[in-house]
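Note sheet for the following structure.
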Amino acid sequence: MWVAGSIASFSTMAVAARGLSADLDTFEIMTYRSFVGVLVVIGVALFSGTLNQIKRDRLGLHLIRNLSHFTGQNLWLFAITLLPLAQVFALEFSSPLWVALAAPFFLSERLTKTRFGCALLGFVGILIVARPAIDHFDPGIAAAALASIGFAGSAIFTKMLTRDQSITCILFWLTVMQAVFGMICAGYDGQVTLPPLRVMHWVLLVGLSGLVAHFCLTKALSIAPATVVMPFDFLRLPVIAAVGMALYGEPLDIWVLVGAVVIFGANYFNIWSEARNRKV
């Protein structure tokens, strides 16, 4: 049920962001999304009595983590305005493979043959999904691929923060810092567009759905192992493909599904292997 909530929230966020893209640029979307997030996080913290958990002793690491996430999220928002939703989501699934490659440098974890092999297999899946043309540069493909690297960096630094920072603290600095980043980037040209009243429902949805999606997925992983959760999370792809077909008339590309299956297989085998080694 928690994964179902995550899938619904991620899909809602994509639709809401696309609904805003005609009126706001990605920096403005991130700004208003973060403002909504700040209010929600503070409200929940007050209600649950966790406001005192917000600390300032790791602001440097919070800054790095949130810059990585802000970059990845903006690239993701840009990609969904240019590519079919299913293609963006498929490329996003490669993020755990980048985490596996970077973990030895930041988390002191070993780069095993299995991890390296899964990363190579995942890269093959990325090529199948993207099918890059030698004589043509596709900014949407590049943005989606780089977004997955940004999300991987965010995951690694989040793992480092969870050693001594609460979820309330992490989410508070995430939303506050990204609101500041968004205002700076949105106002670099001296002009920040206020969202028209007719799209305010999209502003609220993009802010709420992002927080709910990550909360649901985190809750699911706290209840069941990743080897159980991940196959269900993969249902995001066919769900968003159906949404893309129904709302935007996006055709279903068989190679996107084939590549996504390869990426998923690499991710799942890596997680299964890690879980098996821990039991041994």
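Every chain in the structure tokens takes a letter, A first, then B, and so on in the order presented; its residues are numbered from 1, and the ligands are numbered from 1 following the presented order.
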
For this session: Run DSSP on the backbone of this structure and report the residues of segment 166-267 of chain A it assigns to alpha helix (DSSP H), as a PyMOL selection string.
Result: chain A and resi 167-186+200-223+226-233+236-248+254-267

Quick one: which segment 131-155 of chain A residues come within 12 Å of segment 102-120 of chain A, and what is the nearest atom pair for each with the distance in Å to one decimal, counting only C-alpha atoms, rows ordered by chain and ascending number, as a tab-separated table?
residue	atom	partner	partner_atom	distance
A:Ile149	CA	A:Ala102	CA	10.0
A:Gly150	CA	A:Ala102	CA	11.8
A:Ala152	CA	A:Ala102	CA	8.4
A:Gly153	CA	A:Ala102	CA	8.2
A:Ser154	CA	A:Ala102	CA	11.4
A:Ala155	CA	A:Ala103	CA	9.9

For this session: Mind checking which residues fall within 10 Å of segment 183-198 of chain A, counting only C-alpha atoms, ignoring those fewer than 6 positions away in the same chain, and posting them as number ranges by chain?
Result: A: 20, 23-32, 177

Exercise. Can you list, as a PyMOL selection string, every protein, DNA or RNA residue that comes within 7 Å of Gln73 of chain A when you count only C-alpha atoms, leaving out same-chain residues fewer than 4 positions away?
Worked result: chain A and resi 69+77+147

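Each of A:Val243, A:Leu63, A:Ile156, A:Val88 was compared to Leu101 of chain A using only C-alpha atoms, and A:Ile156 turns out to be the nearest.
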
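Of the residues under consideration (A:Leu75, A:Leu161, A:Val180, A:Phe151), A:Leu75 shows the shortest atom-to-atom contact distance to Pro139 of chain A when counting only C-alpha atoms.
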
Exercise. When distances are computed from only C-alpha atoms, which of A:Leu257, A:Leu252, A:Phe172, A:Gly244 shows the smallest separation from Val36 of chain A?
Worked result: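 The shortest atom-to-atom distance to Val36 of chain A comes from A:Phe172.
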
Exercise. Looking at only C-alpha atoms, which of A:Cys169, A:Ile223, A:Val206, A:Ala145 is the one that sits closest to Ala45 of chain A?
Worked result: A:Cys169

For this session: Could you tell me which of A:Leu221, A:Leu127, A:Ala144, A:Val258 comes closest to Leu85 of chain A if we count only C-alpha atoms?
Result: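 Between A:Leu221, A:Leu127, A:Ala144, A:Val258, the residue approaching Leu85 of chain A most closely is A:Ala144.
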
Problem set entry | Separation of atom CA of Phe10 of chain A from atom CA of Phe232 of chain A, in Å and rounded to one decimal | 13.5 Å
